[in-house]
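Trainee: Shown below is the structure under consideration.
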Amino acid sequence: MLIAIIFYTVFHLSITPSVALDEQTLLMPFPAEVALNETIVFKPVTQHHFNLKSKNSCGSGRLLKVEESAVECQITKAGETAIELFICDDKQSYCRREQITVITPRPKGFKEWLRHLWNS
């Protein structure tokens with residue numbers, strides 16, 4: 001049983017890479033690579049929130065939801081998407097801009113392109 005859990009954990013982590021964040025970031029870990037039209041949710045670290053008065057942006061993607069506890073983006077184009085989020089501490093002593101790049105590979109093969117066009 002333990003071997004199965006270790007195998008699943010290693011296999012799962014190797015398939016879903018996450019961004020290696022530095023110690024200074026105010027975001028919880030998130031996937032480094034997402035599929036076309038996939039939705040990605042960004043969350044701040046504890047004792048922080050997204051600044052709703054600032055212009056949070058999903059770059060070339062679609063901004064679906066903005067709340068103090070989460071920002072949801074849909075990545076609509078292949079390639080690199082530059083995302084800009086503004087996070088403040090709960091004590092309101094500072095706010096900081098976080099700039100992130102998320103990579104979206106192009107669909108491969110006819111079936112993937114059809115699926116992408118159908119869901120667009």
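Identifiers in the structure tokens: chain A, B, ... in order shown; residue index from 1 per chain; ligand index from 1 in order shown.
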Leaving out segment 46-51 of chain A and any residue of its chain fewer than 6 positions from it, which residues lie within 10 Å of it when counting only C-alpha atoms, given as a short mmCIF file (atom, residue, chain, number, x, y, z; two decimals) with C-alpha atoms, in the first residue's frame?

Mentor:
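Everything below was put into out_5.cif:
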data_model
loop_
_atom_site.label_atom_id
_atom_site.label_comp_id
_atom_site.auth_asym_id
_atom_site.auth_seq_id
_atom_site.Cartn_x
_atom_site.Cartn_y
_atom_site.Cartn_z
CA LEU A 26 2.54 36.15 -1.95
CA LEU A 27 0.82 33.44 -4.04
CA MET A 28 0.09 29.84 -3.20
CA VAL A 66 -12.04 38.32 -8.73
CA GLU A 67 -12.53 38.01 -4.99
CA GLU A 68 -10.32 38.85 -2.05
CA SER A 69 -9.62 35.14 -1.53
CA ALA A 70 -9.15 34.02 -5.16
CA VAL A 71 -8.69 35.15 -8.76
CA LEU A 85 -2.17 40.31 -9.66
CA PHE A 86 -2.14 42.74 -6.75
CA ILE A 87 -1.94 41.29 -3.23
CA CYS A 88 -2.13 43.10 0.13
CA ASP A 89 -1.59 41.92 3.65
CA ASP A 90 -4.68 41.75 5.89
CA LYS A 91 -3.30 44.49 8.16
CA GLN A 92 -3.37 46.87 5.15
CA TYR A 94 1.45 47.04 2.19
CA CYS A 95 0.38 45.83 -1.25
CA ARG A 96 2.52 44.22 -3.92
CA ARG A 97 2.20 43.44 -7.61
#

Trainee: Set the distance at 6 Å and use only C-alpha atoms: which residues neighbour segment 103-111 of chain A once local chain neighbours fewer than 3 positions away are removed? I'd like the list as a PDB file with N, CA and C atoms, in the first residue's frame.

Mentor:
ATOM      1  N   GLU A  33       2.020  24.991 -16.219  1.00  0.00           N
ATOM      2  CA  GLU A  33       1.549  24.758 -17.578  1.00  0.00           C
ATOM      3  C   GLU A  33       0.085  24.344 -17.520  1.00  0.00           C
ATOM      4  N   VAL A  34      -0.735  24.979 -18.357  1.00  0.00           N
ATOM      5  CA  VAL A  34      -2.162  24.661 -18.402  1.00  0.00           C
ATOM      6  C   VAL A  34      -2.587  24.442 -19.849  1.00  0.00           C
ATOM      7  N   ALA A  35      -3.676  23.718 -20.041  1.00  0.00           N
ATOM      8  CA  ALA A  35      -4.196  23.448 -21.381  1.00  0.00           C
ATOM      9  C   ALA A  35      -5.019  24.644 -21.877  1.00  0.00           C
ATOM     10  N   ALA A  78      -2.678  29.870 -26.892  1.00  0.00           N
ATOM     11  CA  ALA A  78      -1.463  29.070 -26.706  1.00  0.00           C
ATOM     12  C   ALA A  78      -0.257  29.992 -26.573  1.00  0.00           C
ATOM     13  N   GLY A  79       0.764  29.496 -25.919  1.00  0.00           N
ATOM     14  CA  GLY A  79       1.985  30.266 -25.715  1.00  0.00           C
ATOM     15  C   GLY A  79       2.084  30.739 -24.279  1.00  0.00           C
ATOM     16  N   GLU A  80       2.763  31.854 -24.077  1.00  0.00           N
ATOM     17  CA  GLU A  80       2.938  32.409 -22.742  1.00  0.00           C
ATOM     18  C   GLU A  80       1.862  33.447 -22.450  1.00  0.00           C
ATOM     19  N   LEU A 114      -9.827  20.170 -32.962  1.00  0.00           N
ATOM     20  CA  LEU A 114     -11.294  20.169 -32.993  1.00  0.00           C
ATOM     21  C   LEU A 114     -11.856  20.404 -31.601  1.00  0.00           C
TER      22      LEU A 114
END

Trainee: To one decimal in Å, tell me the separation between atom CA of Glu38 of chain A and atom CA of Leu52 of chain A.

Mentor: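 Atom-to-atom, atom CA of Glu38 of chain A and atom CA of Leu52 of chain A are spaced 23.2 Å apart.
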
Trainee: Which residue gives the smallest distance to Ile100 of chain A among A:Thr76, A:Asn37, A:Thr81, A:Ser60, with only C-alpha atoms counted?

Mentor: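 Smallest separation from Ile100 of chain A among the options: A:Thr81.
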
Trainee: Quote the spacing between atom CA of Gln24 of chain A and atom CA of Val102 of chain A in Å to one decimal place.

Mentor: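 Atom CA of Gln24 of chain A sits 18.5 Å away from atom CA of Val102 of chain A.
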